[in-house]
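Q: Contents of my_file-v2.txt (compact mmCIF, C-alpha atoms) are below:
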# COMPACT_ATOMS: atom_id res chain seq x y z
CA MET W 8 -27.16 -53.36 -83.41
CA ARG W 9 -25.41 -51.61 -86.27
CA ALA W 10 -25.15 -53.08 -89.75
CA MET W 11 -22.73 -52.78 -92.63
CA ILE W 12 -23.41 -53.35 -96.31
CA LEU W 13 -20.33 -54.22 -98.36
CA ALA W 14 -20.49 -52.27 -101.60
CA ALA W 15 -16.88 -51.61 -102.61
CA GLY W 16 -16.25 -54.41 -105.10
CA ARG W 17 -15.50 -53.82 -108.76
CA GLY W 18 -17.79 -56.58 -110.03
CA GLU W 19 -15.47 -57.87 -112.75
CA ARG W 20 -17.70 -60.84 -113.61
CA MET W 21 -20.62 -58.46 -114.15
CA ARG W 22 -18.90 -56.41 -116.83
CA PRO W 23 -19.91 -54.58 -118.96
CA LEU W 24 -22.87 -53.83 -116.66
CA THR W 25 -20.54 -52.63 -113.89
CA ASP W 26 -18.36 -50.46 -116.13
CA HIS W 27 -20.67 -47.53 -115.41
CA THR W 28 -22.88 -48.77 -112.54
CA PRO W 29 -21.69 -50.05 -109.15
CA LYS W 30 -22.77 -53.66 -108.70
CA PRO W 31 -25.04 -52.97 -105.67
CA LEU W 32 -27.00 -50.48 -107.78
CA LEU W 33 -27.89 -53.03 -110.45
CA ALA W 34 -31.64 -53.57 -110.38
CA VAL W 35 -33.67 -56.73 -109.77
CA GLY W 36 -37.41 -56.82 -109.27
CA GLY W 37 -37.71 -53.10 -109.95
CA LYS W 38 -35.13 -51.82 -107.45
CA PRO W 39 -31.37 -51.91 -106.89
CA LEU W 40 -29.90 -54.87 -105.03
CA ILE W 41 -28.80 -52.63 -102.16
CA ALA W 42 -32.32 -51.24 -101.76
CA TRP W 43 -33.59 -54.72 -100.91
CA HIS W 44 -31.05 -54.86 -98.08
CA LEU W 45 -31.95 -51.40 -96.79
CA GLU W 46 -35.63 -52.28 -96.71
CA ARG W 47 -35.10 -55.52 -94.82
CA LEU W 48 -32.73 -53.91 -92.32
CA ALA W 49 -35.19 -51.10 -91.66
CA GLN W 50 -38.09 -53.54 -91.21
CA ALA W 51 -35.97 -55.48 -88.72
CA GLY W 52 -35.28 -52.36 -86.67
CA LEU W 53 -31.63 -51.98 -87.74
CA HIS W 54 -31.51 -48.31 -88.63
CA ASP W 55 -27.83 -47.41 -88.18
CA ILE W 56 -26.06 -48.59 -91.33
CA VAL W 57 -22.53 -48.22 -92.72
CA VAL W 58 -21.92 -48.62 -96.46
CA ASN W 59 -18.39 -48.89 -97.80
CA HIS W 60 -17.56 -47.99 -101.38
CA ALA W 61 -14.66 -47.73 -103.80
CA TRP W 62 -15.44 -48.33 -107.49
CA LEU W 63 -17.83 -45.57 -108.65
CA GLY W 64 -18.47 -44.88 -104.99
CA GLU W 65 -19.76 -41.39 -105.59
CA ARG W 66 -22.71 -42.90 -107.48
CA ILE W 67 -23.63 -44.99 -104.45
CA VAL W 68 -23.57 -41.91 -102.23
CA GLN W 69 -25.65 -39.94 -104.74
CA ALA W 70 -28.19 -42.75 -105.06
CA LEU W 71 -28.62 -43.56 -101.36
CA GLY W 72 -28.03 -40.18 -99.71
CA ASP W 73 -28.49 -40.25 -95.95
CA GLY W 74 -30.85 -43.23 -96.13
CA SER W 75 -33.88 -41.30 -94.88
CA ARG W 76 -36.14 -42.52 -97.68
CA TRP W 77 -35.76 -46.03 -96.20
CA GLY W 78 -36.05 -44.85 -92.62
CA VAL W 79 -32.38 -45.52 -91.85
CA ARG W 80 -29.24 -43.47 -91.26
CA ILE W 81 -26.42 -44.26 -93.68
CA ARG W 82 -22.80 -43.37 -93.04
CA TYR W 83 -20.12 -44.07 -95.61
CA SER W 84 -16.68 -45.61 -95.41
CA ALA W 85 -14.83 -44.52 -98.54
CA GLU W 86 -11.97 -46.64 -99.82
CA GLY W 87 -9.44 -45.26 -102.28
CA ARG W 88 -9.03 -48.82 -103.50
CA ALA W 89 -11.12 -51.84 -102.61
CA LEU W 90 -9.76 -53.32 -99.38
CA GLU W 91 -11.48 -56.73 -99.63
CA THR W 92 -13.96 -57.85 -97.02
CA ALA W 93 -11.90 -57.83 -93.81
CA GLY W 94 -9.93 -54.76 -94.85
CA GLY W 95 -13.13 -52.87 -95.58
CA ILE W 96 -14.61 -53.83 -92.23
CA VAL W 97 -11.44 -52.76 -90.39
CA GLN W 98 -11.57 -49.34 -92.02
CA ALA W 99 -15.23 -48.98 -91.03
CA LEU W 100 -14.76 -50.06 -87.39
CA PRO W 101 -14.77 -46.45 -86.06
CA LEU W 102 -18.29 -46.15 -87.51
CA LEU W 103 -19.43 -49.58 -86.32
CA GLY W 104 -18.51 -49.16 -82.66
CA THR W 105 -17.39 -51.67 -80.07
CA ASP W 106 -20.40 -54.01 -80.04
CA PRO W 107 -21.02 -56.94 -82.43
CA PHE W 108 -22.43 -55.87 -85.79
CA LEU W 109 -24.17 -57.41 -88.79
CA VAL W 110 -22.47 -57.45 -92.20
CA VAL W 111 -24.27 -58.12 -95.50
CA ASN W 112 -22.68 -58.45 -98.92
CA GLY W 113 -24.20 -55.84 -101.20
CA ASP W 114 -24.18 -58.12 -104.25
CA ILE W 115 -26.46 -60.88 -102.98
CA TRP W 116 -30.22 -61.29 -102.72
CA CYS W 117 -31.57 -63.14 -99.69
CA ASP W 118 -34.94 -63.40 -97.95
CA TRP W 119 -33.36 -64.03 -94.52
CA ASP W 120 -34.90 -61.77 -91.87
CA PRO W 121 -32.24 -59.56 -90.22
CA ALA W 122 -34.44 -59.48 -87.11
CA LEU W 123 -33.06 -62.97 -86.43
CA SER W 124 -29.66 -61.40 -85.79
CA GLY W 125 -30.72 -60.89 -82.16
CA ALA W 126 -31.02 -64.64 -81.62
CA ALA W 127 -27.73 -65.18 -83.43
CA LEU W 128 -26.03 -62.68 -81.13
CA ARG W 129 -27.39 -64.48 -78.07
CA GLU W 130 -25.96 -67.71 -79.45
CA MET W 131 -22.60 -66.01 -79.91
CA ASP W 132 -22.69 -64.70 -76.36
CA GLN W 133 -23.52 -68.09 -74.88
CA ALA W 134 -20.72 -69.76 -76.82
CA HIS W 135 -18.23 -66.90 -76.34
CA ALA W 136 -17.88 -66.83 -80.12
CA ASP W 137 -16.38 -64.09 -82.26
CA ALA W 138 -18.56 -64.67 -85.33
CA TRP W 139 -21.83 -66.13 -86.55
CA LEU W 140 -22.32 -67.04 -90.21
CA LEU W 141 -25.44 -67.64 -92.27
CA LEU W 142 -24.86 -70.66 -94.51
CA ALA W 143 -27.00 -71.95 -97.37
CA ASP W 144 -27.21 -75.05 -99.55
CA ASN W 145 -24.53 -75.08 -102.21
CA PRO W 146 -25.55 -73.47 -105.52
CA PRO W 147 -24.65 -75.16 -108.83
CA GLN W 148 -21.69 -72.83 -109.41
CA HIS W 149 -20.18 -73.63 -105.98
CA PRO W 150 -20.91 -77.33 -105.26
CA GLN W 151 -18.01 -77.83 -102.85
CA GLY W 152 -19.30 -75.25 -100.36
CA ASP W 153 -17.22 -73.18 -97.96
CA PHE W 154 -17.63 -74.39 -94.38
CA ALA W 155 -19.16 -77.24 -92.46
CA LEU W 156 -22.00 -76.80 -89.99
CA LEU W 157 -21.43 -79.18 -87.08
CA SER W 158 -24.21 -80.75 -85.04
CA ASP W 159 -23.44 -78.51 -82.04
CA GLY W 160 -23.87 -75.31 -84.09
CA ARG W 161 -20.21 -74.60 -84.64
CA ALA W 162 -18.82 -73.75 -88.07
CA ALA W 163 -15.72 -75.65 -89.15
CA VAL W 164 -13.36 -75.74 -92.08
CA GLU W 165 -13.99 -79.44 -92.67
CA GLY W 166 -16.97 -81.68 -92.07
CA GLN W 167 -19.63 -83.75 -93.78
CA ALA W 168 -22.27 -81.04 -94.20
CA ARG W 169 -20.34 -78.41 -96.14
CA LEU W 170 -22.47 -75.40 -97.01
CA THR W 171 -21.92 -72.08 -98.75
CA PHE W 172 -21.36 -68.84 -96.88
CA THR W 173 -24.08 -66.41 -97.89
CA GLY W 174 -22.09 -63.24 -97.21
CA ILE W 175 -24.24 -62.49 -94.15
CA GLY W 176 -22.60 -62.66 -90.74
CA LEU W 177 -22.26 -61.17 -87.27
CA TYR W 178 -18.82 -60.24 -86.01
CA ARG W 179 -17.19 -58.93 -82.88
CA PRO W 180 -14.65 -56.15 -83.51
CA GLN W 181 -12.07 -58.32 -81.72
CA LEU W 182 -12.11 -60.71 -84.70
CA PHE W 183 -10.18 -58.09 -86.66
CA ALA W 184 -7.58 -57.29 -84.03
CA GLY W 185 -4.12 -57.06 -85.52
CA LEU W 186 -5.21 -56.01 -89.01
CA ALA W 187 -3.85 -52.68 -90.15
CA CYS W 188 -6.33 -50.07 -91.35
CA GLY W 189 -6.08 -49.20 -95.03
CA HIS W 190 -4.59 -52.51 -96.17
CA PRO W 191 -6.48 -55.10 -98.23
CA ALA W 192 -7.34 -58.24 -96.25
CA PRO W 193 -9.69 -61.15 -97.00
CA LEU W 194 -12.16 -62.44 -94.42
CA ALA W 195 -11.78 -66.19 -94.95
CA PRO W 196 -8.38 -66.58 -93.21
CA LEU W 197 -9.71 -64.82 -90.10
CA LEU W 198 -12.74 -67.09 -90.04
CA ARG W 199 -10.63 -70.22 -90.44
CA GLN W 200 -8.40 -69.14 -87.56
CA ALA W 201 -11.45 -68.48 -85.38
CA MET W 202 -12.97 -71.83 -86.36
CA ALA W 203 -9.79 -73.57 -85.25
CA ARG W 204 -10.40 -72.29 -81.73
CA GLY W 205 -14.13 -73.06 -81.86
CA ALA W 206 -15.14 -69.40 -81.95
CA VAL W 207 -17.50 -69.36 -84.96
CA ARG W 208 -21.18 -70.31 -84.84
CA ALA W 209 -23.44 -70.75 -87.85
CA GLY W 210 -27.02 -71.19 -88.95
CA ARG W 211 -28.53 -72.74 -92.07
CA HIS W 212 -30.81 -70.68 -94.28
CA THR W 213 -33.41 -72.75 -96.07
CA GLY W 214 -35.03 -69.85 -97.91
CA ARG W 215 -34.00 -68.04 -101.06
CA TRP W 216 -30.44 -66.84 -101.51
CA VAL W 217 -28.71 -65.80 -104.72
CA ASP W 218 -25.11 -64.83 -105.28
CA VAL W 219 -25.72 -62.33 -108.08
CA GLY W 220 -22.29 -62.86 -109.61
CA THR W 221 -22.97 -62.87 -113.35
CA PRO W 222 -25.25 -61.02 -115.78
CA GLN W 223 -27.10 -64.29 -116.36
CA ARG W 224 -27.91 -64.71 -112.66
CA LEU W 225 -28.94 -61.08 -112.45
CA GLN W 226 -31.33 -61.53 -115.37
CA ALA W 227 -32.77 -64.76 -113.95
CA LEU W 228 -33.36 -63.19 -110.52
CA ASP W 229 -34.96 -60.14 -112.10
CA ALA W 230 -37.36 -62.36 -114.02
CA GLU W 231 -38.12 -64.37 -110.88
CA LEU W 232 -38.87 -61.33 -108.72
CA GLY W 233 -40.63 -59.25 -111.33
CA ALA W 234 -41.21 -55.54 -110.96
CA ASP W 235 -43.37 -54.83 -107.92
CA PRO W 236 -44.01 -51.07 -107.64
CA GLY W 237 -45.72 -51.53 -104.30
CA SER W 238 -42.81 -53.29 -102.60
CA GLY W 239 -41.03 -50.19 -101.32
CA PRO W 240 -38.88 -47.26 -102.39
CA GLY W 241 -36.34 -47.78 -105.13
CA ILE W 242 -33.86 -45.19 -106.35
Show me this structure written as structure tokens.

A:
Amino acid sequence: MRAMILAAGRGERMRPLTDHTPKPLLAVGGKPLIAWHLERLAQAGLHDIVVNHAWLGERIVQALGDGSRWGVRIRYSAEGRALETAGGIVQALPLLGTDPFLVVNGDIWCDWDPALSGAALREMDQAHADAWLLLADNPPQHPQGDFALLSDGRAAVEGQARLTFTGIGLYRPQLFAGLACGHPAPLAPLLRQAMARGAVRAGRHTGRWVDVGTPQRLQALDAELGADPGSGPGI
């Protein structure tokens, strides 16, 4: 399975930190956010990775190179302007291939094991679903959640157990059919349409997940993780 890390956002809420540093390169626990993802993907056996970039994208390429220091192969999908989540994925589809792929937001921290994506894919296959989402308990800054996780494993727009989308999901290329390459497009409308036809599955993550959306959250996560020089290669 191939994986994609979304790294094209401007990170407005993180300014001034992101005025000169792309958000995925901001460090927590002694290494950039994106390095945590690369390490976990490599440990899970996902070695073929696509990274998209726009704002200060050349710095991401310079920092990560070909990915060999993490034991992965990185290919880049450059965006002249940020295309939002679905638009960025559409542009990267030629690099992702025709099979389902894993997508991870570059500006989160999560201890979910990407090796579990195999089981998620089997669930998608059995249900003939187009997507699988990892959901988490709602953080204080987002108490209303995003989607509901139904008792049969389907994700829905409405329901009693509304949870927050972590930014980690599996998608079939067919989910993006009809979107034009090079045009900005959000992911949420596509997911809602697929949920309406029962084509989205979901799982609940009970471990640690942080949407690193503000300097305060970045600082708190950094203090929580601490600098661990033995935890793997940084940048």

Q: Could you tell me how far CA of Asp218 in chain W lies from CA of Val164 in chain W, in Å and to one decimal?

A: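 Straight-line distance from CA of Asp218 in chain W to CA of Val164 in chain W works out to 20.8 Å.
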
Q: For Trp43 in chain W, please output as a PDB file with C-alpha atoms, keeping the file's coordinate frame all residues within 9 Å (counting all atoms listed in the file; exclusion window: fewer than 3 positions along the same chain).

A:
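Below you can see result.pdb, which holds the result:
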ATOM      1  CA  LYS W  38     -35.130 -51.820-107.450  1.00  0.00           C
ATOM      2  CA  PRO W  39     -31.370 -51.910-106.890  1.00  0.00           C
ATOM      3  CA  LEU W  40     -29.900 -54.870-105.030  1.00  0.00           C
ATOM      4  CA  GLU W  46     -35.630 -52.280 -96.710  1.00  0.00           C
ATOM      5  CA  ARG W  47     -35.100 -55.520 -94.820  1.00  0.00           C
ATOM      6  CA  LEU W  48     -32.730 -53.910 -92.320  1.00  0.00           C
ATOM      7  CA  TRP W 116     -30.220 -61.290-102.720  1.00  0.00           C
ATOM      8  CA  CYS W 117     -31.570 -63.140 -99.690  1.00  0.00           C
ATOM      9  CA  GLY W 239     -41.030 -50.190-101.320  1.00  0.00           C
ATOM     10  CA  GLY W 241     -36.340 -47.780-105.130  1.00  0.00           C
TER      11      GLY W 241
END

Q: Have a look at W:Leu141, W:Gly94, W:Arg129, W:Ser84 and name the one nearest to Leu197 in chain W; count all atoms listed in the file.

A: W:Gly94

Q: So which one's closest to Ala15 in chain W, W:Leu63, W:Leu103, W:Ala206, W:Val111? Using all atoms listed in the file, please.

A: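 Nearest candidate to Ala15 in chain W out of W:Leu63, W:Leu103, W:Ala206, W:Val111: W:Leu63.
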
Q: Using all atoms listed in the file, which of W:Gly72, W:Gly220, W:Gly160, W:Gly125 sits nearest Met202 in chain W?

A: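 Among W:Gly72, W:Gly220, W:Gly160, W:Gly125, it is W:Gly160 that comes nearest to Met202 in chain W.
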
Q: Need to verify the contact set: range 226-233 of chain W, 6 Å, all atoms listed in the file, exclusion of same-chain residues closer than 2 positions in sequence. Can you return it as a list of chain:residue names?

A: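 So the residues in contact are W:Val35, W:Gly36, W:Gln223, W:Arg224.
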
Q: Restricting the calculation to all atoms listed in the file, which member of W:Leu53, W:Asn59, W:Ala70, W:Pro121 is positioned closest to Arg82 in chain W?

A: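 Nearest to Arg82 in chain W: W:Asn59.
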
Q: So which residues touch Leu186 in chain W within 9 Å, counting only C-alpha atoms, skipping near sequence neighbours fewer than 6 positions away, as a PyMOL selection string?

A: chain W and resi 93-94+97+192
